[in-house]
$ cat target-v1.pdb   # PDB, C-alpha atoms and all ligand atoms
MODEL        1
ATOM      1  CA  MET A1331      -3.085  -6.245  21.507  1.00  0.00           C
ATOM      2  CA  MET A1332      -5.516  -4.283  19.388  1.00  0.00           C
ATOM      3  CA  ALA A1333      -7.560  -6.547  17.139  1.00  0.00           C
ATOM      4  CA  ALA A1334      -7.676  -5.505  13.514  1.00  0.00           C
ATOM      5  CA  SER A1335     -11.438  -5.974  13.605  1.00  0.00           C
ATOM      6  CA  ARG A1336     -11.682  -2.814  15.731  1.00  0.00           C
ATOM      7  CA  ILE A1337     -10.126  -0.870  12.900  1.00  0.00           C
ATOM      8  CA  ARG A1338     -12.477   0.833  10.490  1.00  0.00           C
ATOM      9  CA  ILE A1339     -11.625   1.176   6.818  1.00  0.00           C
ATOM     10  CA  ARG A1340     -12.877   4.386   5.228  1.00  0.00           C
ATOM     11  CA  ALA A1341     -12.606   5.932   1.806  1.00  0.00           C
ATOM     12  CA  ALA A1342      -9.820   8.532   1.657  1.00  0.00           C
ATOM     13  CA  GLY A1343     -10.353  11.492  -0.640  1.00  0.00           C
ATOM     14  CA  LEU A1344      -8.985  14.984  -1.103  1.00  0.00           C
ATOM     15  CA  ALA A1345      -9.936  15.901   2.485  1.00  0.00           C
ATOM     16  CA  GLN A1346      -7.619  13.134   3.743  1.00  0.00           C
ATOM     17  CA  ALA A1347      -4.678  14.018   1.451  1.00  0.00           C
ATOM     18  CA  ARG A1348      -2.682  15.537   4.316  1.00  0.00           C
ATOM     19  CA  VAL A1349      -3.282  12.548   6.613  1.00  0.00           C
ATOM     20  CA  VAL A1350      -2.171  10.181   3.859  1.00  0.00           C
ATOM     21  CA  ALA A1351       0.906  12.338   3.244  1.00  0.00           C
ATOM     22  CA  LEU A1352       1.831  12.243   6.947  1.00  0.00           C
ATOM     23  CA  LEU A1353       1.360   8.461   7.106  1.00  0.00           C
ATOM     24  CA  SER A1354       3.468   8.071   3.957  1.00  0.00           C
ATOM     25  CA  GLU A1355       6.477   9.136   6.042  1.00  0.00           C
ATOM     26  CA  TYR A1356       6.369   5.640   7.585  1.00  0.00           C
ATOM     27  CA  GLY A1357       6.564   4.105   4.112  1.00  0.00           C
ATOM     28  CA  SER A1358       9.268   2.156   2.372  1.00  0.00           C
ATOM     29  CA  THR A1359       9.628   4.719  -0.423  1.00  0.00           C
ATOM     30  CA  GLU A1360      10.026   8.498  -0.450  1.00  0.00           C
ATOM     31  CA  PRO A1361       7.225  10.249   1.484  1.00  0.00           C
ATOM     32  CA  TRP A1362       4.436  11.709  -0.631  1.00  0.00           C
ATOM     33  CA  PRO A1363       3.850  15.465  -0.159  1.00  0.00           C
ATOM     34  CA  THR A1364       0.195  16.457   0.390  1.00  0.00           C
ATOM     35  CA  GLN A1365       0.074  18.047  -3.074  1.00  0.00           C
ATOM     36  CA  ALA A1366       1.230  14.799  -4.651  1.00  0.00           C
ATOM     37  CA  VAL A1367      -1.458  12.799  -2.823  1.00  0.00           C
ATOM     38  CA  ALA A1368      -4.093  15.326  -3.914  1.00  0.00           C
ATOM     39  CA  ARG A1369      -2.876  15.042  -7.507  1.00  0.00           C
ATOM     40  CA  ILE A1370      -3.057  11.227  -7.389  1.00  0.00           C
ATOM     41  CA  PHE A1371      -6.600  11.342  -5.971  1.00  0.00           C
ATOM     42  CA  GLY A1372      -7.542  13.585  -8.890  1.00  0.00           C
ATOM     43  CA  LEU A1373      -6.377  11.065 -11.510  1.00  0.00           C
ATOM     44  CA  PRO A1374      -9.010   8.894 -13.170  1.00  0.00           C
ATOM     45  CA  GLY A1375      -9.456   5.544 -11.428  1.00  0.00           C
ATOM     46  CA  CYS A1376      -7.287   6.450  -8.409  1.00  0.00           C
ATOM     47  CA  TRP A1377      -8.590   6.075  -4.887  1.00  0.00           C
ATOM     48  CA  GLY A1378      -7.441   5.562  -1.338  1.00  0.00           C
ATOM     49  CA  LEU A1379      -8.607   3.779   1.791  1.00  0.00           C
ATOM     50  CA  LEU A1380      -7.702   4.824   5.308  1.00  0.00           C
ATOM     51  CA  ALA A1381      -7.502   2.535   8.365  1.00  0.00           C
ATOM     52  CA  VAL A1382      -8.782   4.382  11.431  1.00  0.00           C
ATOM     53  CA  ARG A1383      -8.403   3.290  15.045  1.00  0.00           C
ATOM     54  CA  PRO A1384     -11.434   3.286  17.389  1.00  0.00           C
ATOM     55  CA  GLY A1385     -10.394   6.692  18.802  1.00  0.00           C
ATOM     56  CA  GLY A1386     -10.334   8.183  15.302  1.00  0.00           C
ATOM     57  CA  GLU A1387      -6.566   8.095  14.890  1.00  0.00           C
ATOM     58  CA  PRO A1388      -5.409   7.139  11.375  1.00  0.00           C
ATOM     59  CA  ALA A1389      -3.193   4.032  11.370  1.00  0.00           C
ATOM     60  CA  GLY A1390      -2.516   3.333   7.712  1.00  0.00           C
ATOM     61  CA  PHE A1391      -3.613   3.701   4.125  1.00  0.00           C
ATOM     62  CA  VAL A1392      -3.629   2.048   0.744  1.00  0.00           C
ATOM     63  CA  VAL A1393      -3.754   3.906  -2.575  1.00  0.00           C
ATOM     64  CA  ALA A1394      -4.651   2.124  -5.800  1.00  0.00           C
ATOM     65  CA  ARG A1395      -5.630   2.735  -9.386  1.00  0.00           C
ATOM     66  CA  VAL A1396      -8.050   0.801 -11.553  1.00  0.00           C
ATOM     67  CA  ALA A1397      -7.824   0.982 -15.331  1.00  0.00           C
ATOM     68  CA  ALA A1398     -10.153  -1.256 -17.339  1.00  0.00           C
ATOM     69  CA  ASP A1399      -9.882  -4.730 -15.805  1.00  0.00           C
ATOM     70  CA  GLU A1400      -6.536  -4.213 -14.070  1.00  0.00           C
ATOM     71  CA  ALA A1401      -5.795  -2.601 -10.720  1.00  0.00           C
ATOM     72  CA  GLU A1402      -2.482  -1.538  -9.234  1.00  0.00           C
ATOM     73  CA  ILE A1403      -1.647  -0.949  -5.590  1.00  0.00           C
ATOM     74  CA  LEU A1404       0.464   2.224  -5.665  1.00  0.00           C
ATOM     75  CA  ASN A1405       1.310   2.459  -1.977  1.00  0.00           C
ATOM     76  CA  LEU A1406       0.461   0.780   1.308  1.00  0.00           C
ATOM     77  CA  VAL A1407       1.684   1.996   4.672  1.00  0.00           C
ATOM     78  CA  VAL A1408       0.863   1.161   8.275  1.00  0.00           C
ATOM     79  CA  ALA A1409       2.171   3.540  10.962  1.00  0.00           C
ATOM     80  CA  GLU A1410       5.125   2.108  12.841  1.00  0.00           C
ATOM     81  CA  GLY A1411       3.387   1.764  16.221  1.00  0.00           C
ATOM     82  CA  ALA A1412       0.389   0.012  14.645  1.00  0.00           C
ATOM     83  CA  ARG A1413       2.154  -2.830  12.826  1.00  0.00           C
ATOM     84  CA  ARG A1414       1.707  -6.612  13.209  1.00  0.00           C
ATOM     85  CA  LYS A1415      -1.911  -6.245  14.285  1.00  0.00           C
ATOM     86  CA  GLY A1416      -3.474  -7.227  10.981  1.00  0.00           C
ATOM     87  CA  ILE A1417      -4.110  -3.686   9.707  1.00  0.00           C
ATOM     88  CA  GLY A1418      -2.004  -4.133   6.566  1.00  0.00           C
ATOM     89  CA  ARG A1419      -3.815  -7.364   5.803  1.00  0.00           C
ATOM     90  CA  GLU A1420      -7.164  -5.640   6.305  1.00  0.00           C
ATOM     91  CA  LEU A1421      -6.201  -2.735   4.017  1.00  0.00           C
ATOM     92  CA  VAL A1422      -5.118  -5.165   1.281  1.00  0.00           C
ATOM     93  CA  ALA A1423      -8.368  -7.137   1.612  1.00  0.00           C
ATOM     94  CA  ALA A1424     -10.434  -3.936   1.401  1.00  0.00           C
ATOM     95  CA  ALA A1425      -8.448  -2.741  -1.629  1.00  0.00           C
ATOM     96  CA  LEU A1426      -8.966  -6.094  -3.399  1.00  0.00           C
ATOM     97  CA  GLU A1427     -12.689  -5.877  -2.742  1.00  0.00           C
ATOM     98  CA  LYS A1428     -12.927  -2.297  -4.014  1.00  0.00           C
ATOM     99  CA  ALA A1429     -10.849  -3.160  -7.084  1.00  0.00           C
ATOM    100  CA  ARG A1430     -13.147  -6.104  -7.812  1.00  0.00           C
ATOM    101  CA  GLN A1431     -16.224  -3.906  -7.435  1.00  0.00           C
ATOM    102  CA  SER A1432     -14.619  -1.412  -9.831  1.00  0.00           C
ATOM    103  CA  GLY A1433     -14.356  -4.093 -12.502  1.00  0.00           C
ATOM    104  CA  ALA A1434     -10.775  -5.297 -12.087  1.00  0.00           C
ATOM    105  CA  SER A1435     -10.011  -8.985 -12.504  1.00  0.00           C
ATOM    106  CA  ALA A1436      -6.328  -8.752 -11.542  1.00  0.00           C
ATOM    107  CA  VAL A1437      -4.300  -6.621  -9.151  1.00  0.00           C
ATOM    108  CA  PHE A1438      -0.615  -5.792  -9.650  1.00  0.00           C
ATOM    109  CA  LEU A1439       1.945  -4.135  -7.404  1.00  0.00           C
ATOM    110  CA  GLU A1440       5.660  -3.527  -7.084  1.00  0.00           C
ATOM    111  CA  VAL A1441       7.577  -4.254  -3.914  1.00  0.00           C
ATOM    112  CA  ALA A1442      11.283  -3.817  -3.211  1.00  0.00           C
ATOM    113  CA  ALA A1443      13.169  -7.113  -3.131  1.00  0.00           C
ATOM    114  CA  ASP A1444      14.636  -6.108   0.262  1.00  0.00           C
ATOM    115  CA  ASN A1445      11.241  -5.533   1.905  1.00  0.00           C
ATOM    116  CA  PRO A1446      10.482  -8.796   3.754  1.00  0.00           C
ATOM    117  CA  ALA A1447       7.423  -7.371   5.571  1.00  0.00           C
ATOM    118  CA  GLY A1448       5.775  -6.197   2.342  1.00  0.00           C
ATOM    119  CA  ARG A1449       6.618  -9.400   0.471  1.00  0.00           C
ATOM    120  CA  ALA A1450       5.306 -11.616   3.283  1.00  0.00           C
ATOM    121  CA  LEU A1451       2.112  -9.613   3.581  1.00  0.00           C
ATOM    122  CA  TYR A1452       1.400  -9.723  -0.150  1.00  0.00           C
ATOM    123  CA  GLU A1453       2.263 -13.427  -0.392  1.00  0.00           C
ATOM    124  CA  SER A1454      -0.072 -14.224   2.483  1.00  0.00           C
ATOM    125  CA  ALA A1455      -2.753 -12.214   0.650  1.00  0.00           C
ATOM    126  CA  GLY A1456      -2.399 -14.450  -2.423  1.00  0.00           C
ATOM    127  CA  PHE A1457      -0.043 -12.371  -4.578  1.00  0.00           C
ATOM    128  CA  ARG A1458       2.594 -14.181  -6.605  1.00  0.00           C
ATOM    129  CA  GLU A1459       5.765 -12.889  -8.240  1.00  0.00           C
ATOM    130  CA  VAL A1460       5.349 -12.433 -11.993  1.00  0.00           C
ATOM    131  CA  GLY A1461       8.376 -10.324 -12.894  1.00  0.00           C
ATOM    132  CA  VAL A1462      11.333  -8.233 -11.818  1.00  0.00           C
ATOM    133  CA  ARG A1463      12.364  -4.669 -12.615  1.00  0.00           C
ATOM    134  CA  PRO A1464      16.126  -4.743 -12.022  1.00  0.00           C
ATOM    135  CA  ASP A1465      17.619  -1.851 -10.017  1.00  0.00           C
ATOM    136  CA  TYR A1466      14.258  -0.100  -9.897  1.00  0.00           C
ATOM    137  CA  TYR A1467      14.475   1.583  -6.488  1.00  0.00           C
ATOM    138  CA  ARG A1468      17.296   3.903  -5.525  1.00  0.00           C
ATOM    139  CA  GLN A1469      18.013   3.718  -1.818  1.00  0.00           C
ATOM    140  CA  ARG A1470      19.059   6.609   0.383  1.00  0.00           C
ATOM    141  CA  ARG A1471      22.665   5.399   0.451  1.00  0.00           C
ATOM    142  CA  GLY A1472      22.738   5.409  -3.334  1.00  0.00           C
ATOM    143  CA  ASN A1473      22.555   1.704  -4.199  1.00  0.00           C
ATOM    144  CA  TYR A1474      19.812   0.166  -6.310  1.00  0.00           C
ATOM    145  CA  ILE A1475      17.321  -2.574  -5.425  1.00  0.00           C
ATOM    146  CA  ASP A1476      15.164  -4.714  -7.715  1.00  0.00           C
ATOM    147  CA  ALA A1477      11.400  -4.258  -7.736  1.00  0.00           C
ATOM    148  CA  LEU A1478       9.398  -7.473  -7.764  1.00  0.00           C
ATOM    149  CA  ILE A1479       6.167  -7.323  -9.708  1.00  0.00           C
ATOM    150  CA  MET A1480       3.419  -9.265  -7.968  1.00  0.00           C
ATOM    151  CA  LYS A1481      -0.031 -10.194  -9.218  1.00  0.00           C
ATOM    152  CA  ARG A1482      -3.226 -11.636  -7.832  1.00  0.00           C
ATOM    153  CA  ALA A1483      -6.342 -12.548  -9.743  1.00  0.00           C
ATOM    154  CA  ILE A1484      -9.585 -11.401  -8.111  1.00  0.00           C
TER     155      ILE A1484
HETATM  156  C1  LIG B1501       4.253  -3.961   5.103  1.00  0.00           C
HETATM  157  C2  LIG B1501       3.288  -3.327   6.120  1.00  0.00           C
HETATM  158  C3  LIG B1501       2.227  -2.521   5.369  1.00  0.00           C
HETATM  159  C4  LIG B1501       2.622  -4.462   6.920  1.00  0.00           C
HETATM  160  O1  LIG B1501       1.595  -3.882   7.721  1.00  0.00           O
HETATM  161  P1  LIG B1501       1.101  -4.604   9.069  1.00  0.00           P
HETATM  162  O2  LIG B1501      -0.172  -3.966   9.500  1.00  0.00           O
HETATM  163  O3  LIG B1501       2.195  -4.645  10.051  1.00  0.00           O
HETATM  164  O4  LIG B1501       0.832  -6.093   8.528  1.00  0.00           O
HETATM  165  P2  LIG B1501      -0.123  -7.182   9.190  1.00  0.00           P
HETATM  166  O5  LIG B1501      -0.091  -7.076  10.693  1.00  0.00           O
HETATM  167  O6  LIG B1501      -1.463  -7.137   8.544  1.00  0.00           O
HETATM  168  O7  LIG B1501       0.646  -8.514   8.771  1.00  0.00           O
HETATM  169  C5  LIG B1501       0.066  -9.477   7.913  1.00  0.00           C
HETATM  170  C6  LIG B1501       1.123 -10.526   7.585  1.00  0.00           C
HETATM  171  O8  LIG B1501       2.180  -9.954   6.817  1.00  0.00           O
HETATM  172  C7  LIG B1501       3.430 -10.544   7.203  1.00  0.00           C
HETATM  173  N1  LIG B1501       4.283  -9.534   7.842  1.00  0.00           N
HETATM  174  C8  LIG B1501       3.947  -8.274   8.225  1.00  0.00           C
HETATM  175  N2  LIG B1501       5.014  -7.633   8.744  1.00  0.00           N
HETATM  176  C9  LIG B1501       6.046  -8.508   8.691  1.00  0.00           C
HETATM  177  C10 LIG B1501       7.408  -8.424   9.077  1.00  0.00           C
HETATM  178  N3  LIG B1501       7.924  -7.313   9.630  1.00  0.00           N
HETATM  179  N4  LIG B1501       8.203  -9.500   8.867  1.00  0.00           N
HETATM  180  C11 LIG B1501       7.705 -10.624   8.309  1.00  0.00           C
HETATM  181  N5  LIG B1501       6.399 -10.777   7.926  1.00  0.00           N
HETATM  182  C12 LIG B1501       5.588  -9.726   8.125  1.00  0.00           C
HETATM  183  C13 LIG B1501       3.075 -11.643   8.183  1.00  0.00           C
HETATM  184  O9  LIG B1501       2.822 -12.805   7.427  1.00  0.00           O
HETATM  185  C14 LIG B1501       1.807 -11.092   8.790  1.00  0.00           C
HETATM  186  O10 LIG B1501       0.991 -12.087   9.370  1.00  0.00           O
HETATM  187  P3  LIG B1501       1.220 -12.488  10.936  1.00  0.00           P
HETATM  188  O11 LIG B1501       1.316 -11.220  11.720  1.00  0.00           O
HETATM  189  O12 LIG B1501       0.011 -13.291  11.245  1.00  0.00           O
HETATM  190  O13 LIG B1501       2.511 -13.243  10.953  1.00  0.00           O
HETATM  191  C15 LIG B1501       4.068  -2.415   7.125  1.00  0.00           C
HETATM  192  O14 LIG B1501       5.173  -3.146   7.648  1.00  0.00           O
HETATM  193  C16 LIG B1501       4.565  -1.135   6.499  1.00  0.00           C
HETATM  194  O15 LIG B1501       3.852  -0.132   6.449  1.00  0.00           O
HETATM  195  N6  LIG B1501       5.829  -1.136   6.030  1.00  0.00           N
HETATM  196  C17 LIG B1501       6.412   0.039   5.349  1.00  0.00           C
HETATM  197  C18 LIG B1501       5.730   0.288   4.028  1.00  0.00           C
HETATM  198  C19 LIG B1501       5.793  -0.923   3.108  1.00  0.00           C
HETATM  199  O16 LIG B1501       6.772  -1.655   3.088  1.00  0.00           O
HETATM  200  N7  LIG B1501       4.703  -1.133   2.336  1.00  0.00           N
HETATM  201  C20 LIG B1501       4.588  -2.263   1.429  1.00  0.00           C
HETATM  202  C21 LIG B1501       5.263  -2.035   0.129  1.00  0.00           C
HETATM  203  S1  LIG B1501       4.546  -0.659  -0.749  1.00  0.00           S
ENDMDL
END
$ encode --input "target-v1.pdb" --output "structure tokens"
Amino acid sequence: MMAASRIRIRAAGLAQARVVALLSEYGSTEPWPTQAVARIFGLPGCWGLLAVRPGGEPAGFVVARVAADEAEILNLVVAEGARRKGIGRELVAAALEKARQSGASAVFLEVAADNPAGRALYESAGFREVGVRPDYYRQRRGNYIDALIMKRAI
């Protein structure tokens, strides 16, 4: 099994917008087109981190935004074949560190109530549920799922 420590975490910018868009197809929400990723990276306070395997292959990303003393994780995806190796945990840890360095004292995120992997990862990273947005996500088959708002002080 590949150890997460062999993964490198790099800043993702405009040049990586397409890679992030491709990885977003493994995500729990609608995939992000390259143009959308590029637009997000152009917004004030928005940034991304890419997890790269030893051979250079991208394995996952996190995108976040920092505004004043609050940060928000906007998306986090690990490619299907690369899961359960600690990469998600490493991306969250790197995002928390970057958010802290950027002046944030708390990090927020939204996760679908029916996403056990995401919820378990965030809980193990110290996030706690602070609210619910009822029927926030519309699923492909047309039904609605609550979003849980989670928070962690940093
Ligand atoms: C959620 C996601 C990012 C986890 O990435 P990952 O690299 O597989 O996670 P890690 O290997 O770092 O797992 C860390 C911990 O999270 C929890 N976890 C991860 N996947 C899990 C799963 N499928 N079921 C239950 N717990 C899980 C476990 O506690 C795990 O620790 P352990 O392996 O020691 O038991 C990945 O499943 C993914 O990309 N899913 C689709 C997108 C998504 O749901 N993103 C989050 C909401 S935006």
$ residues_around --input "target-v1.pdb" --residues "A:Ile1484" --least-positions-apart "2" --cutoff "8 Å" --atoms "all atoms listed in the file" --output "ChimeraX atom specification"
/A:1426,1430,1434-1437,1482
$ residues_near_ligand --input "target-v1.pdb" --ligand "ligand LIG 1501 (chain B)" --cutoff "6 Å" --atoms "only C-alpha atoms and all ligand atoms" --output "NGL selection string"
:A and (1357-1358 or 1405-1408 or 1413-1419 or 1441 or 1446-1448 or 1450-1451 or 1454)
$ closest_residue --input "target-v1.pdb" --among "A:Arg1449, A:Arg1471, A:Arg1383, A:Arg1395" --to "A:Ala1425" --atoms "all atoms listed in the file"
A:Arg1395
$ closest_atom_pairs --input "target-v1.pdb" --of "stretch 1387-1457 of chain A" --to "stretch 1339-1351 of chain A" --cutoff "8 Å" --atoms "all atoms listed in the file" --output "JSON lines"
{"residue": "A:Pro1388", "atom": "CA", "partner": "A:Val1349", "partner_atom": "CA", "distance": 7.5}
{"residue": "A:Gly1390", "atom": "CA", "partner": "A:Val1350", "partner_atom": "CA", "distance": 7.9}
{"residue": "A:Phe1391", "atom": "CA", "partner": "A:Val1350", "partner_atom": "CA", "distance": 6.6}
{"residue": "A:Leu1421", "atom": "CA", "partner": "A:Ile1339", "partner_atom": "CA", "distance": 7.2}
{"residue": "A:Ala1424", "atom": "CA", "partner": "A:Ile1339", "partner_atom": "CA", "distance": 7.5}
$ closest_residue --input "target-v1.pdb" --among "A:Ala1401, A:Ala1366, A:Leu1439, A:Val1392" --to "A:Ile1479" --atoms "all atoms listed in the file"
A:Leu1439
$ resolve_selection --input "target-v1.pdb" --expression "the PyMOL selection byres (((chain A and resi 1480) around 10) and not hetatm)" --output "ChimeraX atom specification"
/A:1402,1437-1441,1449,1452-1453,1456-1462,1477-1479,1481-1482
$ closest_residue --input "target-v1.pdb" --among "A:Phe1371, A:Asn1445, A:Thr1364, A:Tyr1356" --to "A:Ala1412" --atoms "all atoms listed in the file"
A:Tyr1356
$ axis_aligned_box --input "target-v1.pdb" --around "stretch 1423-1428 of chain A" --padding-each-side "6 Å" --output "lines of an AutoDock Vina configuration file"
center_x = -10.6
center_y = -4.7
center_z = -1.2
size_x = 16.6
size_y = 16.8
size_z = 17.6
$ atom_distance --input "target-v1.pdb" --atom1 "atom CA of A:Asp1444" --atom2 "atom CA of A:Glu1400"
25.6 Å
$ atom_distance --input "target-v1.pdb" --atom1 "atom CA of A:Gly1372" --atom2 "atom CA of A:Ala1455"
27.9 Å
$ closest_residue --input "target-v1.pdb" --among "A:Ala1442, A:Ala1483, A:Val1382, A:Ala1389" --to "A:Ala1429" --atoms "only C-alpha atoms"
A:Ala1483
$ residues_near_point --input "target-v1.pdb" --point "(-5.2, 4.4, -4.7)" --cutoff "7 Å" --atoms "only C-alpha atoms" --output "ChimeraX atom specification"
/A:1376-1378,1392-1395,1403-1404
$ closest_residue --input "target-v1.pdb" --among "A:Ile1337, A:Lys1428, A:Gln1365, A:Leu1352" --to "A:Pro1384" --atoms "only C-alpha atoms"
A:Ile1337
$ atom_distance --input "target-v1.pdb" --atom1 "atom CA of A:Glu1410" --atom2 "atom CA of A:Arg1369"
25.4 Å
$ residues_around --input "target-v1.pdb" --residues "A:Tyr1474" --least-positions-apart "6" --cutoff "12 Å" --atoms "all atoms listed in the file" --output "PyMOL selection string"
chain A and resi 1442-1444+1463-1468
$ closest_residue --input "target-v1.pdb" --among "A:Gln1469, A:Gly1411, A:Gly1433, A:Val1422" --to "A:Leu1380" --atoms "only C-alpha atoms"
A:Val1422
$ build_atoms --input "target-v1.pdb" --residues "stretch 1391-1406 of chain A" --atoms "N, CA, C and O atoms" --output "CSV table (one decimal), keeping the file's coordinate frame"
chain,number,residue,atom,x,y,z
A,1391,PHE,N,-2.8,3.4,5.3
A,1391,PHE,CA,-3.6,3.7,4.1
A,1391,PHE,C,-3.1,2.8,3.0
A,1391,PHE,O,-2.0,2.2,3.0
A,1392,VAL,N,-4.0,2.7,2.0
A,1392,VAL,CA,-3.6,2.0,0.7
A,1392,VAL,C,-4.1,3.0,-0.4
A,1392,VAL,O,-5.2,3.5,-0.2
A,1393,VAL,N,-3.3,3.1,-1.4
A,1393,VAL,CA,-3.8,3.9,-2.6
A,1393,VAL,C,-3.6,3.0,-3.8
A,1393,VAL,O,-2.6,2.3,-3.9
A,1394,ALA,N,-4.6,3.0,-4.6
A,1394,ALA,CA,-4.7,2.1,-5.8
A,1394,ALA,C,-5.3,2.8,-7.0
A,1394,ALA,O,-5.8,3.9,-6.9
A,1395,ARG,N,-5.1,2.2,-8.1
A,1395,ARG,CA,-5.6,2.7,-9.4
A,1395,ARG,C,-6.3,1.6,-10.1
A,1395,ARG,O,-5.7,0.5,-10.2
A,1396,VAL,N,-7.4,1.8,-10.7
A,1396,VAL,CA,-8.0,0.8,-11.6
A,1396,VAL,C,-8.2,1.4,-13.0
A,1396,VAL,O,-8.6,2.5,-13.2
A,1397,ALA,N,-7.7,0.6,-13.9
A,1397,ALA,CA,-7.8,1.0,-15.3
A,1397,ALA,C,-8.3,-0.3,-16.1
A,1397,ALA,O,-7.7,-1.3,-16.1
A,1398,ALA,N,-9.5,-0.1,-16.7
A,1398,ALA,CA,-10.2,-1.3,-17.3
A,1398,ALA,C,-10.2,-2.4,-16.4
A,1398,ALA,O,-10.7,-2.2,-15.2
A,1399,ASP,N,-9.7,-3.6,-16.7
A,1399,ASP,CA,-9.9,-4.7,-15.8
A,1399,ASP,C,-8.6,-5.0,-15.0
A,1399,ASP,O,-8.5,-6.1,-14.4
A,1400,GLU,N,-7.7,-4.0,-14.9
A,1400,GLU,CA,-6.5,-4.2,-14.1
A,1400,GLU,C,-6.4,-3.1,-13.0
A,1400,GLU,O,-6.7,-2.0,-13.3
A,1401,ALA,N,-6.0,-3.6,-11.8
A,1401,ALA,CA,-5.8,-2.6,-10.7
A,1401,ALA,C,-4.3,-2.7,-10.3
A,1401,ALA,O,-3.7,-3.7,-10.6
A,1402,GLU,N,-3.9,-1.6,-9.7
A,1402,GLU,CA,-2.5,-1.5,-9.2
A,1402,GLU,C,-2.5,-0.9,-7.9
A,1402,GLU,O,-3.1,0.2,-7.7
A,1403,ILE,N,-1.8,-1.6,-6.9
A,1403,ILE,CA,-1.6,-0.9,-5.6
A,1403,ILE,C,-0.4,-0.1,-5.7
A,1403,ILE,O,0.7,-0.5,-6.0
A,1404,LEU,N,-0.6,1.3,-5.5
A,1404,LEU,CA,0.5,2.2,-5.7
A,1404,LEU,C,1.3,2.4,-4.4
A,1404,LEU,O,2.4,2.7,-4.4
A,1405,ASN,N,0.6,2.3,-3.3
A,1405,ASN,CA,1.3,2.5,-2.0
A,1405,ASN,C,0.5,1.9,-0.9
A,1405,ASN,O,-0.8,1.9,-0.9
A,1406,LEU,N,1.1,1.4,0.1
A,1406,LEU,CA,0.5,0.8,1.3
A,1406,LEU,C,1.4,1.0,2.5
A,1406,LEU,O,2.5,0.6,2.5
